[in-house]
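Shown next: entry.cif, given as mmCIF, N, CA and C atoms and all ligand atoms.
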```cif
data_data
#
loop_
_atom_site.label_atom_id
_atom_site.label_comp_id
_atom_site.auth_asym_id
_atom_site.auth_seq_id
_atom_site.Cartn_x
_atom_site.Cartn_y
_atom_site.Cartn_z
N MET A 1035 100.31 121.55 141.96
CA MET A 1035 101.72 121.17 141.93
C MET A 1035 101.91 119.94 141.04
N ILE A 1036 102.93 119.95 140.24
CA ILE A 1036 103.21 118.80 139.38
C ILE A 1036 104.27 117.94 140.05
N HIS A 1037 103.95 116.69 140.25
CA HIS A 1037 104.92 115.79 140.83
C HIS A 1037 105.16 114.64 139.88
N ILE A 1038 106.42 114.43 139.53
CA ILE A 1038 106.76 113.31 138.67
C ILE A 1038 107.56 112.34 139.52
N THR A 1039 107.01 111.20 139.77
CA THR A 1039 107.70 110.29 140.67
C THR A 1039 107.35 108.86 140.34
N THR A 1040 108.25 107.98 140.64
CA THR A 1040 107.99 106.56 140.46
C THR A 1040 107.94 105.86 141.81
N ILE A 1041 107.95 106.65 142.88
CA ILE A 1041 107.96 106.04 144.21
C ILE A 1041 106.57 105.51 144.53
N GLN A 1042 106.51 104.23 144.84
CA GLN A 1042 105.21 103.62 145.11
C GLN A 1042 104.71 104.01 146.49
N ASN A 1043 103.39 104.06 146.61
CA ASN A 1043 102.78 104.41 147.89
C ASN A 1043 103.26 103.43 148.97
N ASN A 1044 103.87 103.98 150.01
CA ASN A 1044 104.41 103.14 151.08
C ASN A 1044 103.88 103.57 152.44
N GLU A 1045 102.70 104.19 152.44
CA GLU A 1045 102.17 104.75 153.68
C GLU A 1045 101.98 103.67 154.75
N ASN A 1046 102.25 104.07 155.98
CA ASN A 1046 101.97 103.21 157.13
C ASN A 1046 101.45 104.12 158.24
N PRO A 1047 100.18 104.52 158.14
CA PRO A 1047 99.65 105.50 159.10
C PRO A 1047 99.79 105.04 160.54
N SER A 1048 99.73 103.74 160.77
CA SER A 1048 99.83 103.23 162.14
C SER A 1048 101.19 103.59 162.75
N ALA A 1049 102.26 103.36 162.01
CA ALA A 1049 103.59 103.68 162.53
C ALA A 1049 103.80 105.20 162.58
N CYS A 1050 103.47 105.89 161.50
CA CYS A 1050 103.78 107.32 161.42
C CYS A 1050 102.96 108.15 162.40
N SER A 1051 101.73 107.74 162.69
CA SER A 1051 100.94 108.53 163.64
C SER A 1051 101.49 108.38 165.05
N ARG A 1052 102.18 107.28 165.34
CA ARG A 1052 102.79 107.11 166.66
C ARG A 1052 104.14 107.80 166.74
N CYS A 1053 104.72 108.11 165.59
CA CYS A 1053 106.09 108.64 165.55
C CYS A 1053 106.08 110.13 165.24
N GLY A 1054 105.80 110.48 164.00
CA GLY A 1054 105.67 111.89 163.61
C GLY A 1054 106.97 112.61 163.37
N LYS A 1055 108.11 111.90 163.49
CA LYS A 1055 109.39 112.59 163.32
C LYS A 1055 109.46 113.34 161.99
N CYS A 1056 108.96 112.70 160.94
CA CYS A 1056 109.12 113.28 159.60
C CYS A 1056 108.34 114.57 159.43
N CYS A 1057 107.19 114.69 160.03
CA CYS A 1057 106.32 115.84 159.76
C CYS A 1057 106.32 116.85 160.89
N ILE A 1058 106.75 116.43 162.08
CA ILE A 1058 106.78 117.34 163.22
C ILE A 1058 108.20 117.88 163.40
N GLY A 1059 109.18 117.00 163.22
CA GLY A 1059 110.58 117.41 163.43
C GLY A 1059 111.12 118.19 162.25
N ASP A 1060 110.68 117.89 161.05
CA ASP A 1060 111.15 118.58 159.85
C ASP A 1060 110.20 118.23 158.71
N THR A 1061 110.36 118.91 157.59
CA THR A 1061 109.50 118.63 156.44
C THR A 1061 110.36 118.14 155.28
N GLY A 1062 109.70 117.55 154.30
CA GLY A 1062 110.44 116.91 153.21
C GLY A 1062 110.77 117.85 152.06
N ALA A 1063 111.98 117.73 151.56
CA ALA A 1063 112.42 118.60 150.46
C ALA A 1063 111.68 118.28 149.16
N LEU A 1064 111.50 119.35 148.39
CA LEU A 1064 111.07 119.20 146.99
C LEU A 1064 112.31 119.03 146.12
N TRP A 1065 112.15 118.37 144.99
CA TRP A 1065 113.16 118.39 143.93
C TRP A 1065 112.73 119.45 142.92
N PRO A 1066 113.66 120.08 142.24
CA PRO A 1066 113.25 121.14 141.31
C PRO A 1066 112.31 120.67 140.21
N ASP A 1067 112.37 119.41 139.80
CA ASP A 1067 111.47 118.98 138.72
C ASP A 1067 110.05 118.75 139.22
N GLU A 1068 109.80 119.01 140.49
CA GLU A 1068 108.42 118.99 140.99
C GLU A 1068 107.71 120.32 140.73
N LEU A 1069 108.48 121.36 140.42
CA LEU A 1069 107.88 122.65 140.08
C LEU A 1069 107.60 122.69 138.58
N PRO A 1070 106.60 123.47 138.14
CA PRO A 1070 106.35 123.57 136.69
C PRO A 1070 107.58 124.07 135.95
N GLU A 1071 108.29 125.02 136.56
CA GLU A 1071 109.59 125.48 136.08
C GLU A 1071 110.24 126.24 137.22
N VAL A 1072 111.56 126.36 137.17
CA VAL A 1072 112.24 127.05 138.26
C VAL A 1072 112.56 128.47 137.81
N THR A 1073 111.64 129.36 138.17
CA THR A 1073 111.82 130.79 137.88
C THR A 1073 111.47 131.54 139.15
N ALA A 1074 111.87 132.81 139.20
CA ALA A 1074 111.54 133.63 140.38
C ALA A 1074 110.03 133.72 140.56
N GLU A 1075 109.28 133.75 139.45
CA GLU A 1075 107.82 133.86 139.54
C GLU A 1075 107.22 132.61 140.20
N VAL A 1076 107.69 131.46 139.78
CA VAL A 1076 107.15 130.21 140.35
C VAL A 1076 107.57 130.08 141.82
N ILE A 1077 108.81 130.44 142.13
CA ILE A 1077 109.25 130.36 143.54
C ILE A 1077 108.39 131.31 144.39
N THR A 1078 108.12 132.50 143.88
CA THR A 1078 107.26 133.45 144.60
C THR A 1078 105.90 132.83 144.86
N ASP A 1079 105.35 132.20 143.83
CA ASP A 1079 104.04 131.56 143.97
C ASP A 1079 104.10 130.47 145.06
N TYR A 1080 105.12 129.65 145.02
CA TYR A 1080 105.23 128.57 146.02
C TYR A 1080 105.40 129.13 147.43
N THR A 1081 106.13 130.24 147.57
CA THR A 1081 106.32 130.80 148.91
C THR A 1081 105.01 131.37 149.47
N THR A 1082 104.09 131.74 148.58
CA THR A 1082 102.79 132.21 149.08
C THR A 1082 101.86 131.05 149.38
N ARG A 1083 102.24 129.84 148.95
CA ARG A 1083 101.37 128.67 149.15
C ARG A 1083 101.92 127.70 150.20
N GLY A 1084 102.88 128.19 151.01
CA GLY A 1084 103.28 127.37 152.15
C GLY A 1084 104.64 126.70 152.04
N TYR A 1085 105.44 127.12 151.07
CA TYR A 1085 106.78 126.55 150.93
C TYR A 1085 107.83 127.62 151.24
N VAL A 1086 108.98 127.18 151.65
CA VAL A 1086 110.07 128.10 151.95
C VAL A 1086 111.34 127.61 151.27
N VAL A 1087 112.26 128.56 151.11
CA VAL A 1087 113.60 128.21 150.62
C VAL A 1087 114.52 128.18 151.83
N ARG A 1088 115.16 127.05 152.03
CA ARG A 1088 116.02 126.88 153.19
C ARG A 1088 117.48 126.78 152.78
N ALA A 1089 118.35 127.15 153.68
CA ALA A 1089 119.79 126.99 153.49
C ALA A 1089 120.26 125.82 154.33
N TYR A 1090 120.97 124.93 153.70
CA TYR A 1090 121.48 123.76 154.40
C TYR A 1090 123.00 123.78 154.30
N THR A 1091 123.66 123.69 155.44
CA THR A 1091 125.12 123.75 155.43
C THR A 1091 125.69 122.46 155.99
N ASN A 1092 126.62 121.90 155.24
CA ASN A 1092 127.41 120.78 155.76
C ASN A 1092 128.85 120.98 155.29
N TYR A 1093 129.67 119.94 155.39
CA TYR A 1093 131.08 120.13 155.07
C TYR A 1093 131.32 120.38 153.58
N HIS A 1094 130.30 120.16 152.73
CA HIS A 1094 130.45 120.49 151.30
C HIS A 1094 130.18 121.97 151.04
N GLY A 1095 129.59 122.66 152.01
CA GLY A 1095 129.22 124.05 151.80
C GLY A 1095 127.75 124.25 152.11
N THR A 1096 127.19 125.33 151.56
CA THR A 1096 125.77 125.65 151.79
C THR A 1096 124.98 125.49 150.50
N GLY A 1097 123.83 124.88 150.62
CA GLY A 1097 122.96 124.73 149.45
C GLY A 1097 121.55 125.17 149.80
N TYR A 1098 120.86 125.76 148.82
CA TYR A 1098 119.48 126.21 149.02
C TYR A 1098 118.53 125.21 148.36
N TYR A 1099 117.43 124.99 149.01
CA TYR A 1099 116.43 124.05 148.47
C TYR A 1099 115.06 124.46 149.00
N MET A 1100 114.00 123.82 148.52
CA MET A 1100 112.64 124.16 148.95
C MET A 1100 112.00 123.03 149.73
N GLN A 1101 111.18 123.41 150.69
CA GLN A 1101 110.44 122.44 151.47
C GLN A 1101 109.20 123.13 152.05
N PRO A 1102 108.22 122.37 152.55
CA PRO A 1102 107.07 123.00 153.21
C PRO A 1102 107.50 123.77 154.45
N LYS A 1103 106.76 124.81 154.72
CA LYS A 1103 107.01 125.66 155.89
C LYS A 1103 106.63 124.91 157.17
N MET A 1104 107.27 125.28 158.26
CA MET A 1104 106.91 124.73 159.57
C MET A 1104 106.40 125.84 160.48
N ASP A 1105 105.50 125.48 161.38
CA ASP A 1105 105.18 126.37 162.48
C ASP A 1105 105.50 125.64 163.78
N GLU A 1106 105.00 126.13 164.89
CA GLU A 1106 105.39 125.52 166.18
C GLU A 1106 104.90 124.09 166.31
N LYS A 1107 103.93 123.67 165.47
CA LYS A 1107 103.42 122.30 165.57
C LYS A 1107 104.07 121.35 164.57
N GLY A 1108 104.82 121.89 163.65
CA GLY A 1108 105.42 121.05 162.61
C GLY A 1108 105.04 121.55 161.24
N CYS A 1109 105.01 120.65 160.26
CA CYS A 1109 104.69 121.03 158.88
C CYS A 1109 103.31 121.68 158.83
N ILE A 1110 103.19 122.76 158.09
CA ILE A 1110 101.89 123.43 158.04
C ILE A 1110 100.85 122.60 157.27
N PHE A 1111 101.30 121.59 156.54
CA PHE A 1111 100.36 120.74 155.80
C PHE A 1111 99.94 119.50 156.61
N LEU A 1112 100.42 119.42 157.85
CA LEU A 1112 100.05 118.29 158.71
C LEU A 1112 98.72 118.58 159.39
N THR A 1113 97.81 117.62 159.34
CA THR A 1113 96.50 117.77 159.98
C THR A 1113 96.38 116.71 161.08
N PRO A 1114 95.35 116.77 161.90
CA PRO A 1114 95.18 115.75 162.95
C PRO A 1114 95.07 114.35 162.37
N THR A 1115 94.68 114.25 161.11
CA THR A 1115 94.56 112.91 160.51
C THR A 1115 95.69 112.61 159.52
N GLY A 1116 96.75 113.38 159.58
CA GLY A 1116 97.90 113.09 158.72
C GLY A 1116 98.12 114.20 157.70
N CYS A 1117 98.91 113.87 156.69
CA CYS A 1117 99.27 114.85 155.67
C CYS A 1117 98.04 115.26 154.86
N SER A 1118 97.95 116.55 154.55
CA SER A 1118 96.79 117.00 153.77
C SER A 1118 96.93 116.71 152.29
N PHE A 1119 98.10 116.25 151.85
CA PHE A 1119 98.28 115.86 150.46
C PHE A 1119 98.06 114.35 150.30
N THR A 1120 97.60 113.97 149.13
CA THR A 1120 97.64 112.54 148.82
C THR A 1120 99.10 112.14 148.69
N PHE A 1121 99.38 110.85 148.77
CA PHE A 1121 100.77 110.39 148.66
C PHE A 1121 101.42 110.94 147.39
N GLU A 1122 100.71 110.87 146.29
CA GLU A 1122 101.26 111.26 144.99
C GLU A 1122 101.60 112.75 144.94
N ASN A 1123 100.95 113.55 145.77
CA ASN A 1123 101.17 115.00 145.72
C ASN A 1123 102.08 115.51 146.82
N ARG A 1124 102.69 114.63 147.57
CA ARG A 1124 103.62 115.08 148.62
C ARG A 1124 104.98 115.42 148.02
N PRO A 1125 105.72 116.31 148.69
CA PRO A 1125 107.10 116.53 148.27
C PRO A 1125 107.83 115.18 148.19
N ARG A 1126 108.74 115.11 147.24
CA ARG A 1126 109.36 113.79 146.99
C ARG A 1126 110.09 113.23 148.21
N LEU A 1127 110.74 114.09 148.97
CA LEU A 1127 111.45 113.53 150.13
C LEU A 1127 110.47 112.93 151.13
N CYS A 1128 109.26 113.51 151.22
CA CYS A 1128 108.25 112.93 152.11
C CYS A 1128 107.85 111.54 151.64
N GLN A 1129 107.84 111.35 150.34
CA GLN A 1129 107.43 110.05 149.79
C GLN A 1129 108.49 108.97 150.01
N THR A 1130 109.74 109.41 150.21
CA THR A 1130 110.82 108.43 150.17
C THR A 1130 111.01 107.66 151.47
N PHE A 1131 110.47 108.17 152.57
CA PHE A 1131 110.65 107.43 153.82
C PHE A 1131 109.75 106.20 153.81
N ILE A 1132 110.33 105.05 153.94
CA ILE A 1132 109.58 103.80 153.95
C ILE A 1132 109.42 103.40 155.41
N PRO A 1133 108.22 103.61 155.95
CA PRO A 1133 108.04 103.42 157.39
C PRO A 1133 108.21 101.97 157.82
N HIS A 1134 108.74 101.81 158.99
CA HIS A 1134 108.83 100.49 159.61
C HIS A 1134 108.10 100.58 160.94
N GLU A 1135 107.46 99.49 161.34
CA GLU A 1135 106.68 99.50 162.58
C GLU A 1135 107.49 99.95 163.79
N ASP A 1136 108.81 99.68 163.77
CA ASP A 1136 109.61 100.04 164.95
C ASP A 1136 109.95 101.54 164.96
N MET A 1137 109.64 102.26 163.88
CA MET A 1137 109.83 103.70 163.77
C MET A 1137 111.30 104.11 163.92
N VAL A 1138 112.19 103.14 163.88
CA VAL A 1138 113.61 103.43 164.02
C VAL A 1138 114.33 103.06 162.73
N SER A 1139 113.92 101.95 162.16
CA SER A 1139 114.63 101.45 160.99
C SER A 1139 113.92 101.82 159.68
N CYS A 1140 113.27 102.98 159.66
CA CYS A 1140 112.64 103.42 158.41
C CYS A 1140 113.74 103.65 157.38
N ARG A 1141 113.45 103.34 156.14
CA ARG A 1141 114.48 103.37 155.10
C ARG A 1141 114.15 104.42 154.05
N GLN A 1142 115.15 104.73 153.25
CA GLN A 1142 114.96 105.57 152.07
C GLN A 1142 115.65 104.91 150.90
N PRO A 1143 115.05 104.96 149.71
CA PRO A 1143 115.75 104.40 148.56
C PRO A 1143 117.00 105.22 148.24
N LEU A 1144 117.99 104.57 147.66
CA LEU A 1144 119.22 105.27 147.28
C LEU A 1144 118.89 106.37 146.28
N GLY A 1145 119.57 107.50 146.42
CA GLY A 1145 119.38 108.59 145.47
C GLY A 1145 118.29 109.56 145.87
N TYR A 1146 117.70 109.36 147.03
CA TYR A 1146 116.60 110.22 147.45
C TYR A 1146 116.84 110.80 148.84
N SER A 1147 118.09 111.11 149.15
CA SER A 1147 118.36 111.74 150.44
C SER A 1147 118.20 113.26 150.33
N LEU A 1148 118.23 113.93 151.46
CA LEU A 1148 118.20 115.39 151.43
C LEU A 1148 119.39 115.92 150.63
N GLU A 1149 120.54 115.29 150.77
CA GLU A 1149 121.72 115.73 150.02
C GLU A 1149 121.48 115.61 148.52
N ASP A 1150 120.77 114.55 148.10
CA ASP A 1150 120.45 114.39 146.67
C ASP A 1150 119.52 115.51 146.20
N ALA A 1151 118.55 115.86 147.04
CA ALA A 1151 117.64 116.96 146.68
C ALA A 1151 118.44 118.26 146.52
N ILE A 1152 119.33 118.51 147.49
CA ILE A 1152 120.12 119.75 147.44
C ILE A 1152 121.01 119.77 146.19
N ALA A 1153 121.58 118.62 145.85
CA ALA A 1153 122.42 118.55 144.65
C ALA A 1153 121.60 118.87 143.41
N ALA A 1154 120.34 118.42 143.38
CA ALA A 1154 119.49 118.69 142.22
C ALA A 1154 119.15 120.18 142.10
N TRP A 1155 119.18 120.89 143.22
CA TRP A 1155 118.89 122.32 143.20
C TRP A 1155 120.12 123.15 142.83
N LYS A 1156 121.26 122.53 142.74
CA LYS A 1156 122.51 123.29 142.56
C LYS A 1156 122.47 124.27 141.37
N PRO A 1157 121.92 123.88 140.21
CA PRO A 1157 121.92 124.84 139.08
C PRO A 1157 121.02 126.06 139.33
N TYR A 1158 120.22 126.04 140.38
CA TYR A 1158 119.22 127.10 140.58
C TYR A 1158 119.50 127.96 141.81
N GLN A 1159 120.71 127.88 142.33
CA GLN A 1159 121.02 128.60 143.58
C GLN A 1159 120.81 130.11 143.46
N ASP A 1160 121.16 130.68 142.30
CA ASP A 1160 121.00 132.13 142.15
C ASP A 1160 119.53 132.54 142.17
N ILE A 1161 118.67 131.68 141.62
CA ILE A 1161 117.23 131.99 141.63
C ILE A 1161 116.67 131.86 143.04
N LEU A 1162 117.16 130.86 143.78
CA LEU A 1162 116.64 130.62 145.13
C LEU A 1162 117.13 131.63 146.16
N SER A 1163 118.35 132.13 145.99
CA SER A 1163 119.00 132.87 147.08
C SER A 1163 118.20 134.07 147.60
N PRO A 1164 117.48 134.85 146.75
CA PRO A 1164 116.74 135.98 147.32
C PRO A 1164 115.59 135.55 148.23
N PHE A 1165 115.22 134.26 148.17
CA PHE A 1165 114.05 133.81 148.92
C PHE A 1165 114.41 133.05 150.21
N VAL A 1166 115.70 132.97 150.50
CA VAL A 1166 116.10 132.11 151.62
C VAL A 1166 115.52 132.60 152.94
N THR A 1167 114.94 131.64 153.67
CA THR A 1167 114.42 131.90 155.01
C THR A 1167 115.47 131.39 155.99
N LYS A 1168 115.85 132.21 156.90
CA LYS A 1168 116.89 131.79 157.86
C LYS A 1168 116.33 130.72 158.80
S1 LIG B 1201 108.50 107.34 158.13
FE1 LIG B 1201 109.41 106.47 159.97
S2 LIG B 1201 110.49 108.18 160.98
FE2 LIG B 1201 109.01 109.07 159.52
S3 LIG B 1201 107.13 109.46 160.73
FE3 LIG B 1201 106.92 107.43 159.76
S4 LIG B 1201 107.64 105.98 161.31
FE4 LIG B 1201 108.42 108.03 161.88
S1 LIG B 1202 104.04 117.62 153.27
FE1 LIG B 1202 102.90 116.05 154.35
S2 LIG B 1202 104.30 114.29 154.50
FE2 LIG B 1202 105.53 116.09 154.00
S3 LIG B 1202 106.24 116.91 155.97
FE3 LIG B 1202 104.33 117.96 155.45
S4 LIG B 1202 102.69 116.79 156.45
FE4 LIG B 1202 104.53 115.50 156.38
#
```
Hey, can you dump this file as structure tokens for me?
Ligand code: SF4
Ligand code: SF4
Amino acid sequence: MIHITTIQNNENPSACSRCGKCCIGDTGALWPDELPEVTAEVITDYTTRGYVVRAYTNYHGTGYYMQPKMDEKGCIFLTPTGCSFTFENRPRLCQTFIPHEDMVSCRQPLGYSLEDAIAAWKPYQDILSPFVTK
């Protein structure tokens, strides 16, 4: 996977291992520029490697985007010792959470919310739509 990011490593295993909200409750969105290119072939390849296309609905409407798949335990890339990816190779939304010891006031830089990821996928909705997982 190609990841282009300027987000500095902000890991805090001590806080995240006690919390787990990010990897157990949901998984982090990819941005389209993390894929080599956005084509049906590449999306097919990603769906065979543990990613899904999700539909997100809010008052702006519904948008499709990609993120790691979940099973009953959480993200399929989560291991007993944490994420199986290095920080640099995680989906961008996973990188953006800046952990805080209190596990409540974790922050995200501006421009890196789930809504921002969905907005970045907007030009590719027709390519994503056949792959949507309910
Ligand atoms: S970034 Fe914050 S909310 Fe996410 S798992 Fe770590 S401590 Fe919990
Ligand atoms: S890819 Fe890694 S950091 Fe992101 S949700 Fe999955 S286990 Fe957590």
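Distances to Arg1126 of chain A were evaluated for A:Ala1063, A:Met1100, A:Ile1077, A:Ile1161 using all atoms listed in the file, and the minimum falls at A:Ala1063.
Ranking A:Cys1057, A:Val1087, A:Ala1153, A:Leu1144 by their shortest atom-to-atom distance to Lys1107 of chain A, with all atoms listed in the file included, puts A:Cys1057 first.
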Next on the checklist: Given all atoms listed in the file as the basis, pick out the residue of A:Tyr1146, A:Gln1129, A:Phe1165, A:Asn1044 nearest to Arg1088 of chain A.
Outcome noted: A:Phe1165
Checklist entry - Could you pull the residues within 12 Å of Asp1150 of chain A, counting only C-alpha atoms, minus those fewer than 6 positions along the same chain, as a ChimeraX atom specification? => result /A:1063-1066,1097,1099,1126-1127,1130,1142-1144,1156
Next on the checklist: Can you work out which residues are within 6 Å of ligand LIG 1201 (chain B), considering all atoms listed in the file, and then hand them over as a list in words?
Outcome noted: Ala1049, Cys1050, Ser1051, Cys1053, Gly1054, Lys1055, Cys1056, Cys1057, Phe1131, Ile1132, Pro1133, His1134, Met1137, Val1138 and Cys1140 of chain A
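With the cut-off set to 7 Å and only N, CA and C atoms and all ligand atoms counted, the residues surrounding ligand LIG 1202 (chain B) are Cys1056, Cys1057, Ile1058, Asp1060, Thr1061, Gly1062, Pro1102, Gly1108, Cys1109, Ile1110, Phe1111, Leu1112, Thr1113, Gly1116, Cys1117, Ser1118, Phe1119, Arg1124, Pro1125, Leu1127, Cys1128 and Gln1129 of chain A.
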Checklist entry - Rounded to one decimal in Å, what is the spacing between atom N of Val1076 of chain A and atom C of Leu1162 of chain A? => result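 So the answer is 11.4 Å.
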How would you write, as an mmCIF file with N, CA and C atoms, in the frame of the given file, the set of residues in segment 1058-1101 of chain A that DSSP gives as strand (DSSP E)?
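File result.cif, as written:
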```cif
data_model
loop_
_atom_site.group_PDB
_atom_site.id
_atom_site.type_symbol
_atom_site.label_atom_id
_atom_site.label_comp_id
_atom_site.auth_asym_id
_atom_site.auth_seq_id
_atom_site.Cartn_x
_atom_site.Cartn_y
_atom_site.Cartn_z
ATOM 1 N N TYR A 1085 105.440 127.120 151.070
ATOM 2 C CA TYR A 1085 106.780 126.550 150.930
ATOM 3 C C TYR A 1085 107.830 127.620 151.240
ATOM 4 N N VAL A 1086 108.980 127.180 151.650
ATOM 5 C CA VAL A 1086 110.070 128.100 151.950
ATOM 6 C C VAL A 1086 111.340 127.610 151.270
ATOM 7 N N VAL A 1087 112.260 128.560 151.110
ATOM 8 C CA VAL A 1087 113.600 128.210 150.620
ATOM 9 C C VAL A 1087 114.520 128.180 151.830
ATOM 10 N N ARG A 1088 115.160 127.050 152.030
ATOM 11 C CA ARG A 1088 116.020 126.880 153.190
ATOM 12 C C ARG A 1088 117.480 126.780 152.780
ATOM 13 N N ALA A 1089 118.350 127.150 153.680
ATOM 14 C CA ALA A 1089 119.790 126.990 153.490
ATOM 15 C C ALA A 1089 120.260 125.820 154.330
ATOM 16 N N TYR A 1090 120.970 124.930 153.700
ATOM 17 C CA TYR A 1090 121.480 123.760 154.400
ATOM 18 C C TYR A 1090 123.000 123.780 154.300
ATOM 19 N N THR A 1091 123.660 123.690 155.440
ATOM 20 C CA THR A 1091 125.120 123.750 155.430
ATOM 21 C C THR A 1091 125.690 122.460 155.990
ATOM 22 N N ASN A 1092 126.620 121.900 155.240
ATOM 23 C CA ASN A 1092 127.410 120.780 155.760
ATOM 24 C C ASN A 1092 128.850 120.980 155.290
ATOM 25 N N GLY A 1095 129.590 122.660 152.010
ATOM 26 C CA GLY A 1095 129.220 124.050 151.800
ATOM 27 C C GLY A 1095 127.750 124.250 152.110
ATOM 28 N N THR A 1096 127.190 125.330 151.560
ATOM 29 C CA THR A 1096 125.770 125.650 151.790
ATOM 30 C C THR A 1096 124.980 125.490 150.500
ATOM 31 N N GLY A 1097 123.830 124.880 150.620
ATOM 32 C CA GLY A 1097 122.960 124.730 149.450
ATOM 33 C C GLY A 1097 121.550 125.170 149.800
ATOM 34 N N TYR A 1098 120.860 125.760 148.820
ATOM 35 C CA TYR A 1098 119.480 126.210 149.020
ATOM 36 C C TYR A 1098 118.530 125.210 148.360
ATOM 37 N N TYR A 1099 117.430 124.990 149.010
ATOM 38 C CA TYR A 1099 116.430 124.050 148.470
ATOM 39 C C TYR A 1099 115.060 124.460 149.000
ATOM 40 N N MET A 1100 114.000 123.820 148.520
ATOM 41 C CA MET A 1100 112.640 124.160 148.950
ATOM 42 C C MET A 1100 112.000 123.030 149.730
ATOM 43 N N GLN A 1101 111.180 123.410 150.690
ATOM 44 C CA GLN A 1101 110.440 122.440 151.470
ATOM 45 C C GLN A 1101 109.200 123.130 152.050
#
```
Item to check | Pairwise distance for atom C of Val1072 of chain A and atom C of Tyr1158 of chain A, rounded to one decimal in Å | outcome: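 Taking atom C of Val1072 of chain A and atom C of Tyr1158 of chain A, their separation equals 8.0 Å.
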Hey, could you pull the box centre and edge lengths for segment 1043-1055 of chain A, axis-aligned, 5 Å padding per side, all listed atoms, to one decimal in Å, as lines of an AutoDock Vina configuration file?
```
center_x = 104.6
center_y = 108.2
center_z = 156.7
size_x = 19.8
size_y = 20.2
size_z = 30.1
```
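Compared by their closest atoms to Glu1068 of chain A, and using only C-alpha atoms, the residues A:Ser1147, A:Asn1043, A:Thr1115, A:Asn1123 rank with A:Asn1123 nearest.
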Next on the checklist: I'd like to know which residues of chain A are helix (DSSP H, G or I) (by DSSP, run on the backbone); could you write them as a PyMOL selection string?
Outcome noted: chain A and resi 1047-1053+1055-1059+1066-1068+1074-1082+1121-1123+1126-1130+1148-1165
Checklist entry - By how many Å are atom CA of Gly1084 of chain A and atom N of Asp1105 of chain A apart? => result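 Answer for the atom CA of Gly1084 of chain A to atom N of Asp1105 of chain A separation: 9.7 Å.
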Checklist entry - For the point (111.3, 128.4, 161.6) in file coordinates, what residues are within 8 Å, counting all atoms listed in the file? Give the answer as a ChimeraX atom specification? => result /A:1103-1106,1167-1168
